[in-house]
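Asks: Below is the file start34.txt, with compact mmCIF, C-alpha atoms.
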```
# COMPACT_ATOMS: atom_id res chain seq x y z
CA MET U 9 -10.25 -17.36 -18.58
CA ASN U 10 -7.17 -18.16 -20.64
CA ALA U 11 -3.70 -18.46 -19.17
CA GLN U 12 -2.33 -15.85 -21.56
CA LEU U 13 -4.58 -13.17 -20.08
CA LEU U 14 -3.63 -14.21 -16.55
CA LEU U 15 0.02 -13.96 -17.52
CA GLU U 16 -0.46 -10.42 -18.81
CA LEU U 17 -1.91 -9.44 -15.46
CA ALA U 18 0.74 -11.22 -13.46
CA ASP U 19 3.60 -9.86 -15.58
CA ASP U 20 2.26 -6.31 -15.27
CA GLU U 21 2.10 -6.58 -11.50
CA LEU U 22 5.48 -8.29 -11.12
CA VAL U 23 7.38 -5.92 -13.38
CA LEU U 24 5.71 -2.78 -12.05
CA GLY U 25 6.14 -3.99 -8.46
CA TRP U 26 9.81 -4.49 -9.23
CA ARG U 27 10.12 -1.02 -10.76
CA ASN U 28 8.34 0.61 -7.83
CA SER U 29 10.58 -1.23 -5.39
CA GLU U 30 13.56 0.53 -6.96
CA TRP U 31 12.45 3.59 -4.96
CA THR U 32 12.94 1.83 -1.64
CA GLY U 33 15.41 3.88 0.37
CA ILE U 34 15.54 6.76 -2.12
CA ALA U 35 11.95 8.02 -2.30
CA PRO U 36 11.58 11.81 -1.84
CA PHE U 37 10.83 11.52 1.89
CA LEU U 38 10.59 8.88 4.56
CA GLU U 39 6.80 8.50 4.77
CA GLU U 40 6.58 8.11 1.01
CA ASP U 41 9.42 5.62 1.04
CA VAL U 42 7.45 3.36 3.37
CA ALA U 43 4.17 3.81 1.47
CA PHE U 44 5.62 3.29 -1.99
CA SER U 45 7.67 0.27 -0.92
CA SER U 46 4.58 -1.23 0.58
CA ILE U 47 2.66 -0.69 -2.65
CA ALA U 48 5.49 -2.37 -4.56
CA GLN U 49 5.28 -5.30 -2.20
CA THR U 50 1.53 -5.76 -2.60
CA GLU U 51 1.88 -5.58 -6.42
CA ILE U 52 4.32 -8.47 -6.26
CA GLY U 53 1.94 -10.33 -3.95
CA HIS U 54 -0.81 -9.88 -6.51
CA ALA U 55 1.54 -11.09 -9.24
CA ARG U 56 2.15 -14.25 -7.21
CA ALA U 57 -1.58 -14.88 -6.86
CA TRP U 58 -2.20 -14.41 -10.61
CA TYR U 59 0.78 -16.63 -11.48
CA GLU U 60 -0.63 -19.34 -9.22
CA LEU U 61 -3.92 -19.14 -11.05
CA ALA U 62 -2.17 -19.19 -14.43
CA ALA U 63 -0.08 -22.16 -13.23
CA ARG U 64 -3.27 -24.03 -12.37
CA GLU U 65 -4.26 -23.77 -16.02
CA SER U 66 -0.86 -24.32 -17.64
CA GLY U 67 0.61 -26.86 -15.21
CA ALA U 68 3.80 -24.84 -14.50
CA ASP U 69 4.53 -23.43 -11.04
CA ALA U 70 4.28 -19.76 -10.07
CA ASP U 71 8.02 -19.22 -9.61
CA ALA U 72 8.79 -20.84 -12.94
CA LEU U 73 6.30 -18.57 -14.66
CA ALA U 74 7.70 -15.50 -12.93
CA PHE U 75 11.40 -16.17 -13.40
CA ASP U 76 12.15 -18.95 -15.89
CA ARG U 77 10.91 -17.36 -19.08
CA GLU U 78 13.03 -15.43 -21.55
CA PRO U 79 12.58 -11.65 -21.56
CA GLY U 80 10.82 -11.84 -24.94
CA GLU U 81 8.19 -14.19 -23.51
CA TYR U 82 6.94 -11.74 -20.90
CA ARG U 83 3.51 -10.30 -21.64
CA CYS U 84 3.72 -7.12 -19.55
CA ALA U 85 2.67 -3.79 -21.00
CA PRO U 86 5.67 -1.66 -21.96
CA LEU U 87 4.39 0.95 -19.47
CA CYS U 88 5.46 -1.27 -16.59
CA GLU U 89 8.96 -1.89 -17.92
CA LEU U 90 10.22 1.68 -18.08
CA ARG U 91 12.98 2.43 -15.62
CA LEU U 92 11.94 5.76 -14.12
CA VAL U 93 14.19 6.26 -11.10
CA SER U 94 15.13 9.01 -10.32
CA ASP U 95 12.28 10.89 -11.95
CA TRP U 96 9.46 11.17 -9.43
CA ALA U 97 7.14 13.09 -11.79
CA ARG U 98 7.22 10.29 -14.36
CA THR U 99 6.97 7.66 -11.64
CA ILE U 100 3.81 9.24 -10.26
CA ALA U 101 2.40 9.75 -13.77
CA ARG U 102 2.85 6.04 -14.45
CA HIS U 103 1.50 5.14 -11.03
CA TYR U 104 -1.63 7.22 -11.56
CA LEU U 105 -2.26 5.97 -15.10
CA TYR U 106 -1.55 2.35 -14.23
CA GLU U 107 -3.63 2.25 -11.07
CA THR U 108 -6.57 3.86 -12.86
CA ALA U 109 -6.31 1.30 -15.66
CA ASP U 110 -5.80 -1.56 -13.25
CA ALA U 111 -8.87 -0.58 -11.20
CA ILE U 112 -10.99 -0.75 -14.38
CA ARG U 113 -9.50 -4.11 -15.29
CA ILE U 114 -9.91 -5.59 -11.81
CA ALA U 115 -13.51 -4.40 -11.52
CA GLU U 116 -14.27 -6.28 -14.74
CA LEU U 117 -12.49 -9.42 -13.52
CA ALA U 118 -14.46 -9.33 -10.27
CA ARG U 119 -17.54 -9.98 -12.45
CA SER U 120 -15.87 -12.91 -14.23
CA ASP U 121 -17.76 -16.20 -14.75
CA ASP U 122 -14.71 -18.04 -13.44
CA PRO U 123 -15.24 -18.12 -9.65
CA ASP U 124 -11.48 -18.36 -8.93
CA VAL U 125 -10.76 -15.30 -11.04
CA ALA U 126 -13.72 -13.35 -9.64
CA GLY U 127 -12.79 -14.27 -6.07
CA LEU U 128 -9.16 -13.30 -6.45
CA ALA U 129 -10.06 -10.06 -8.22
CA ALA U 130 -12.42 -9.11 -5.39
CA LYS U 131 -9.69 -9.80 -2.84
CA ILE U 132 -7.13 -7.79 -4.78
CA GLN U 133 -9.61 -4.96 -5.22
CA ARG U 134 -9.58 -4.36 -1.47
CA GLU U 135 -5.81 -3.75 -1.47
CA GLU U 136 -5.82 -1.90 -4.74
CA ALA U 137 -8.23 0.62 -3.22
CA TYR U 138 -5.29 1.93 -1.21
CA HIS U 139 -3.12 2.15 -4.33
CA VAL U 140 -5.80 4.16 -6.09
CA MET U 141 -6.18 6.48 -3.10
CA HIS U 142 -2.41 7.00 -2.97
CA ALA U 143 -2.14 7.58 -6.73
CA GLN U 144 -5.06 9.99 -6.74
CA MET U 145 -3.69 12.14 -3.91
CA TRP U 146 -0.35 12.46 -5.68
CA HIS U 147 -2.10 13.24 -8.94
CA ASP U 148 -4.09 16.00 -7.25
CA ARG U 149 -0.92 17.34 -5.69
CA LEU U 150 1.16 17.43 -8.89
CA ARG U 151 -1.57 18.28 -11.38
CA GLY U 152 -0.72 21.42 -13.35
CA GLU U 153 3.02 21.09 -12.71
CA GLU U 154 4.85 21.28 -16.00
CA ARG U 155 7.05 18.22 -15.48
CA TYR U 156 4.13 16.12 -14.30
CA GLU U 157 1.87 17.11 -17.19
CA ALA U 158 4.66 16.34 -19.67
CA ALA U 159 5.09 12.92 -18.06
CA LEU U 160 1.36 12.19 -18.37
CA ASP U 161 1.46 13.16 -22.06
CA GLU U 162 4.48 10.95 -22.63
CA LEU U 163 3.10 7.88 -20.83
CA TRP U 164 -0.53 8.04 -21.90
CA PRO U 165 -0.09 5.95 -25.09
CA TYR U 166 1.68 3.32 -22.96
CA ALA U 167 -1.08 3.31 -20.35
CA LEU U 168 -3.78 2.62 -22.96
CA ALA U 169 -2.26 -0.79 -23.66
CA VAL U 170 -2.86 -1.97 -20.08
CA VAL U 171 -6.54 -2.55 -20.90
CA GLU U 172 -8.29 -3.73 -24.03
CA GLY U 173 -11.25 -2.90 -26.25
CA GLU U 174 -14.04 -0.85 -24.75
CA ARG U 175 -12.07 -0.47 -21.50
CA ARG U 176 -9.76 1.93 -23.32
CA ASN U 177 -12.53 4.45 -23.75
CA GLU U 178 -13.43 3.96 -20.11
CA LEU U 179 -9.82 4.66 -19.14
CA ALA U 180 -9.63 7.74 -21.37
CA ALA U 181 -12.77 9.09 -19.70
CA ALA U 182 -11.46 8.27 -16.22
CA VAL U 183 -8.23 10.21 -16.71
CA GLY U 184 -9.80 12.91 -18.91
CA ARG U 185 -7.71 12.25 -22.03
CA GLU U 186 -8.33 11.68 -25.72
CA PRO U 187 -7.69 8.19 -27.11
CA ALA U 188 -4.22 7.89 -28.68
CA GLU U 189 -2.18 5.32 -30.59
CA PRO U 190 -1.35 2.72 -27.90
CA VAL U 191 2.10 1.26 -27.27
CA GLU U 192 0.86 -2.32 -27.32
CA ARG U 193 1.97 -5.44 -25.46
CA GLY U 194 4.21 -7.88 -27.27
CA GLU U 195 6.94 -5.40 -28.14
CA HIS U 196 9.34 -4.67 -25.31
CA THR U 197 11.27 -1.57 -24.38
CA ASP U 198 15.06 -1.67 -24.07
CA ASP U 199 14.65 -1.38 -20.29
CA LEU U 200 13.22 -4.89 -19.88
CA ALA U 201 16.44 -6.83 -20.57
CA ALA U 202 18.38 -5.21 -17.71
CA LEU U 203 15.43 -5.61 -15.37
CA TRP U 204 15.10 -9.30 -16.25
CA GLU U 205 18.85 -9.79 -15.77
CA GLU U 206 18.66 -8.44 -12.23
CA MET U 207 15.28 -9.94 -11.32
CA THR U 208 16.27 -13.49 -12.24
CA THR U 209 19.94 -13.42 -11.09
CA VAL U 210 19.50 -15.44 -7.92
CA ARG U 211 17.04 -17.84 -9.46
CA ARG U 212 19.40 -18.55 -12.37
CA SER U 213 22.44 -18.89 -10.06
CA VAL U 214 21.29 -22.34 -8.88
CA PRO U 215 18.88 -23.73 -11.47
CA GLY U 216 16.32 -26.10 -10.07
CA ALA U 217 17.04 -25.33 -6.42
CA ALA U 218 14.24 -25.47 -3.87
CA TRP U 219 14.15 -22.28 -1.76
CA MET E 17 3.88 19.64 8.38
CA VAL E 18 3.88 17.22 11.30
CA TRP E 19 0.82 15.19 12.28
CA GLU E 20 0.29 13.31 15.51
CA VAL E 21 -1.50 10.00 15.13
CA PHE E 22 -3.59 8.45 17.89
CA ARG E 23 -4.90 4.97 17.51
CA GLN E 24 -7.76 3.08 19.05
CA GLU E 25 -7.05 -0.58 19.18
CA ARG E 26 -10.61 -1.74 19.74
CA GLU E 27 -13.95 -0.02 19.62
CA GLY E 28 -14.69 1.84 22.84
CA GLN E 29 -11.10 1.89 24.07
CA PRO E 30 -9.26 5.16 24.66
CA PHE E 31 -7.14 6.56 21.83
CA GLN E 32 -3.43 6.38 22.53
CA HIS E 33 -0.58 8.16 20.85
CA GLY E 34 0.87 5.97 18.11
CA GLY E 35 3.52 8.26 16.66
CA SER E 36 3.95 11.18 14.35
CA LEU E 37 4.42 11.58 10.63
CA GLU E 38 5.20 14.28 8.12
CA ALA E 39 2.72 15.04 5.34
CA PRO E 40 1.90 18.13 3.28
CA ASN E 41 -1.89 17.99 3.79
CA ARG E 42 -4.78 16.00 5.26
CA GLU E 43 -5.03 13.58 2.32
CA PHE E 44 -1.37 12.61 2.56
CA ALA E 45 -1.57 12.43 6.34
CA GLU E 46 -4.51 10.04 6.08
CA ALA E 47 -2.80 7.86 3.48
CA TYR E 48 0.40 7.57 5.48
CA ALA E 49 -1.43 7.03 8.77
CA ARG E 50 -3.43 4.21 7.18
CA GLU E 51 -0.21 2.71 5.91
CA PHE E 52 1.65 2.96 9.23
CA TYR E 53 -1.13 2.18 11.71
CA GLY E 54 -3.79 0.36 9.72
CA ARG E 55 -2.01 -1.94 7.35
CA ARG E 56 -2.15 -4.97 9.62
CA ASP E 57 -5.62 -4.31 10.93
CA GLU E 58 -4.09 -3.24 14.25
CA SER E 59 -6.31 -0.19 14.75
CA PHE E 60 -10.06 0.20 14.96
CA ALA E 61 -9.87 3.96 14.38
CA LEU E 62 -7.31 6.75 14.08
CA TRP E 63 -7.18 10.39 15.09
CA ILE E 64 -4.83 12.37 12.90
CA VAL E 65 -4.10 15.76 14.38
CA PRO E 66 -1.86 18.58 13.13
CA ARG E 67 0.82 19.03 15.77
CA GLU E 68 0.09 22.76 16.06
CA ALA E 69 -3.48 21.92 17.06
CA VAL E 70 -2.18 20.21 20.17
CA LEU E 71 -1.99 22.48 23.19
CA GLU E 72 1.01 21.31 25.09
CA VAL E 73 1.46 22.30 28.73
CA ARG E 74 4.79 21.83 30.47
CA GLU E 75 5.01 21.29 34.23
CA PRO E 76 1.26 21.22 34.64
CA TYR E 77 1.70 20.76 38.40
CA VAL E 78 -0.63 23.04 40.35
CA ALA E 79 1.40 23.80 43.47
CA ASP E 80 -0.04 22.73 46.74
CA VAL E 81 2.01 24.54 49.33
CA PHE E 82 0.16 23.50 52.43
CA ASP E 83 0.47 20.09 53.91
CA ARG E 84 -2.64 18.24 52.85
CA ASP E 85 -1.20 14.78 52.68
CA TYR E 86 -4.43 13.41 54.04
CA ARG E 87 -6.03 14.17 50.67
CA ARG E 88 -3.69 11.86 48.88
CA VAL E 89 -4.24 8.19 48.54
CA ASP E 90 -0.77 7.22 47.39
CA GLY E 91 1.30 5.50 50.06
CA TYR E 92 -1.82 4.66 52.00
CA SER E 93 -1.99 0.93 51.82
CA LEU E 94 -5.38 -0.64 52.13
CA LYS E 95 -4.00 -4.11 51.97
CA VAL E 96 -3.28 -4.56 55.69
CA LYS E 97 -6.50 -2.88 56.79
CA LEU E 98 -8.51 -5.00 54.38
CA LYS E 99 -6.85 -8.14 55.66
CA GLU E 100 -7.64 -7.21 59.27
CA ALA E 101 -11.22 -6.36 58.37
CA ARG E 102 -11.68 -9.70 56.61
CA GLU E 103 -10.27 -11.54 59.62
CA ARG E 104 -12.61 -9.64 61.96
CA ALA E 105 -15.55 -10.42 59.70
CA ALA E 106 -14.57 -14.09 59.54
CA ALA E 107 -14.18 -14.27 63.32
CA ALA E 108 -17.55 -12.56 63.84
CA GLY E 109 -19.18 -14.96 61.38
CA ALA E 110 -17.68 -17.98 63.11
CA GLY E 111 -18.77 -16.71 66.55
```
What would the structure in this file look like if it were written as structure tokens?

Replies:
Amino acid sequence: MNAQLLLELADDELVLGWRNSEWTGIAPFLEEDVAFSSIAQTEIGHARAWYELAARESGADADALAFDREPGEYRCAPLCELRLVSDWARTIARHYLYETADAIRIAELARSDDPDVAGLAAKIQREEAYHVMHAQMWHDRLRGEERYEAALDELWPYALAVVEGERRNELAAAVGREPAEPVERGEHTDDLAALWEEMTTVRRSVPGAAW
Amino acid sequence: MVWEVFRQEREGQPFQHGGSLEAPNREFAEAYAREFYGRRDESFALWIVPREAVLEVREPYVADVFDRDYRRVDGYSLKVKLKEARERAAAAGAG
């Protein structure tokens, strides 16, 4: 499996984990605050694991891959970059679309010929099952609400870019939507620069330091 | 809606109250209970019960107005009697 693909995965998880963590302390109610923060934390844990695998192939280290690249070099899907606080409807729409796409992607990786990739995917799958359960229950709860449906419509073209090829049809079927023109990886939204600025502040404050 | 969560640490052990949480329905209650009481593999099983399903009884004491202290075992120390009995048994065995 090539390092570029691993980086896409890792960048998705890191950037989305970061975005989800922005709800810590301000989620709609306490229980959700704990649950959503915990999901954010596991996403970042998965990012670390994918970066380590990518580092094995490229020779860099995981932290360098996560924090030492320029914003334009990140391979995350634009879906993950969008700053959605304080809009819970859009946050849940992204969460639902992303987790559904990610589950499809991870299931495929669990069948990979590369034993390291397959093993890690299988491990991640066990934690992602909780994410999917959480996303699905919120989707069921908000389905039919005007703001939520509008958010799904808005974010659907972004969500398509999380997976590739035939998986896009699979995703469309899973969420009951028609294929659309995807907002592909490679281009970045305006939100990424500010996120990168904040995310790498400490790392850049003392270049080369061991933590 | 408030839910009371009981957790069983190991299979076969009694369920003990873990805490309570707020959730709009069973699905949310389950998700949050898993998160709070299952995340670190600290529970074998959970009971998640709507608080209104719990029948709470205050001052459940059933008055016993007559003196029937002899029915109670608290304050009745067996330790001394057991010690004496053991000594008697040992003495009898030796003799």

Asks: Please identify every residue of chain U that has at least one atom no more than 12 Å from any atom of chain E, counting only C-alpha atoms, and report them as a PyMOL selection string.

Replies: chain U and resi 36-47+50+134-135+137-149

Asks: Would you export the selected residues with C-alpha atoms as an mmCIF file, keeping the file's coordinate frame, please?

Replies:
```
data_model
loop_
_atom_site.group_PDB
_atom_site.id
_atom_site.type_symbol
_atom_site.label_atom_id
_atom_site.label_comp_id
_atom_site.auth_asym_id
_atom_site.auth_seq_id
_atom_site.Cartn_x
_atom_site.Cartn_y
_atom_site.Cartn_z
ATOM 1 C CA PRO U 36 11.580 11.810 -1.840
ATOM 2 C CA PHE U 37 10.830 11.520 1.890
ATOM 3 C CA LEU U 38 10.590 8.880 4.560
ATOM 4 C CA GLU U 39 6.800 8.500 4.770
ATOM 5 C CA GLU U 40 6.580 8.110 1.010
ATOM 6 C CA ASP U 41 9.420 5.620 1.040
ATOM 7 C CA VAL U 42 7.450 3.360 3.370
ATOM 8 C CA ALA U 43 4.170 3.810 1.470
ATOM 9 C CA PHE U 44 5.620 3.290 -1.990
ATOM 10 C CA SER U 45 7.670 0.270 -0.920
ATOM 11 C CA SER U 46 4.580 -1.230 0.580
ATOM 12 C CA ILE U 47 2.660 -0.690 -2.650
ATOM 13 C CA THR U 50 1.530 -5.760 -2.600
ATOM 14 C CA ARG U 134 -9.580 -4.360 -1.470
ATOM 15 C CA GLU U 135 -5.810 -3.750 -1.470
ATOM 16 C CA ALA U 137 -8.230 0.620 -3.220
ATOM 17 C CA TYR U 138 -5.290 1.930 -1.210
ATOM 18 C CA HIS U 139 -3.120 2.150 -4.330
ATOM 19 C CA VAL U 140 -5.800 4.160 -6.090
ATOM 20 C CA MET U 141 -6.180 6.480 -3.100
ATOM 21 C CA HIS U 142 -2.410 7.000 -2.970
ATOM 22 C CA ALA U 143 -2.140 7.580 -6.730
ATOM 23 C CA GLN U 144 -5.060 9.990 -6.740
ATOM 24 C CA MET U 145 -3.690 12.140 -3.910
ATOM 25 C CA TRP U 146 -0.350 12.460 -5.680
ATOM 26 C CA HIS U 147 -2.100 13.240 -8.940
ATOM 27 C CA ASP U 148 -4.090 16.000 -7.250
ATOM 28 C CA ARG U 149 -0.920 17.340 -5.690
#
```

Asks: Write out as a ChimeraX atom specification which residues come within 9 Å of Ile52 in chain U when counting all atoms listed in the file, dropping same-chain ones fewer than 6 positions away.

Replies: /U:18,21-26

Asks: May I ask for the distance between CA of Pro79 in chain U and CA of Thr99 in chain U, given in Å to one decimal place?

Replies: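 For CA of Pro79 in chain U relative to CA of Thr99 in chain U, the distance reads 22.4 Å.
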
Asks: Please report the interatomic distance between CA of Gly53 in chain U and CA of Ala129 in chain U in Å with one decimal.

Replies: 12.7 Å

Asks: Mind giving me the straight-line distance from CA of Gly54 in chain E to CA of Arg23 in chain E in Å, one decimal?

Replies: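 These atoms are spaced 9.1 Å apart.
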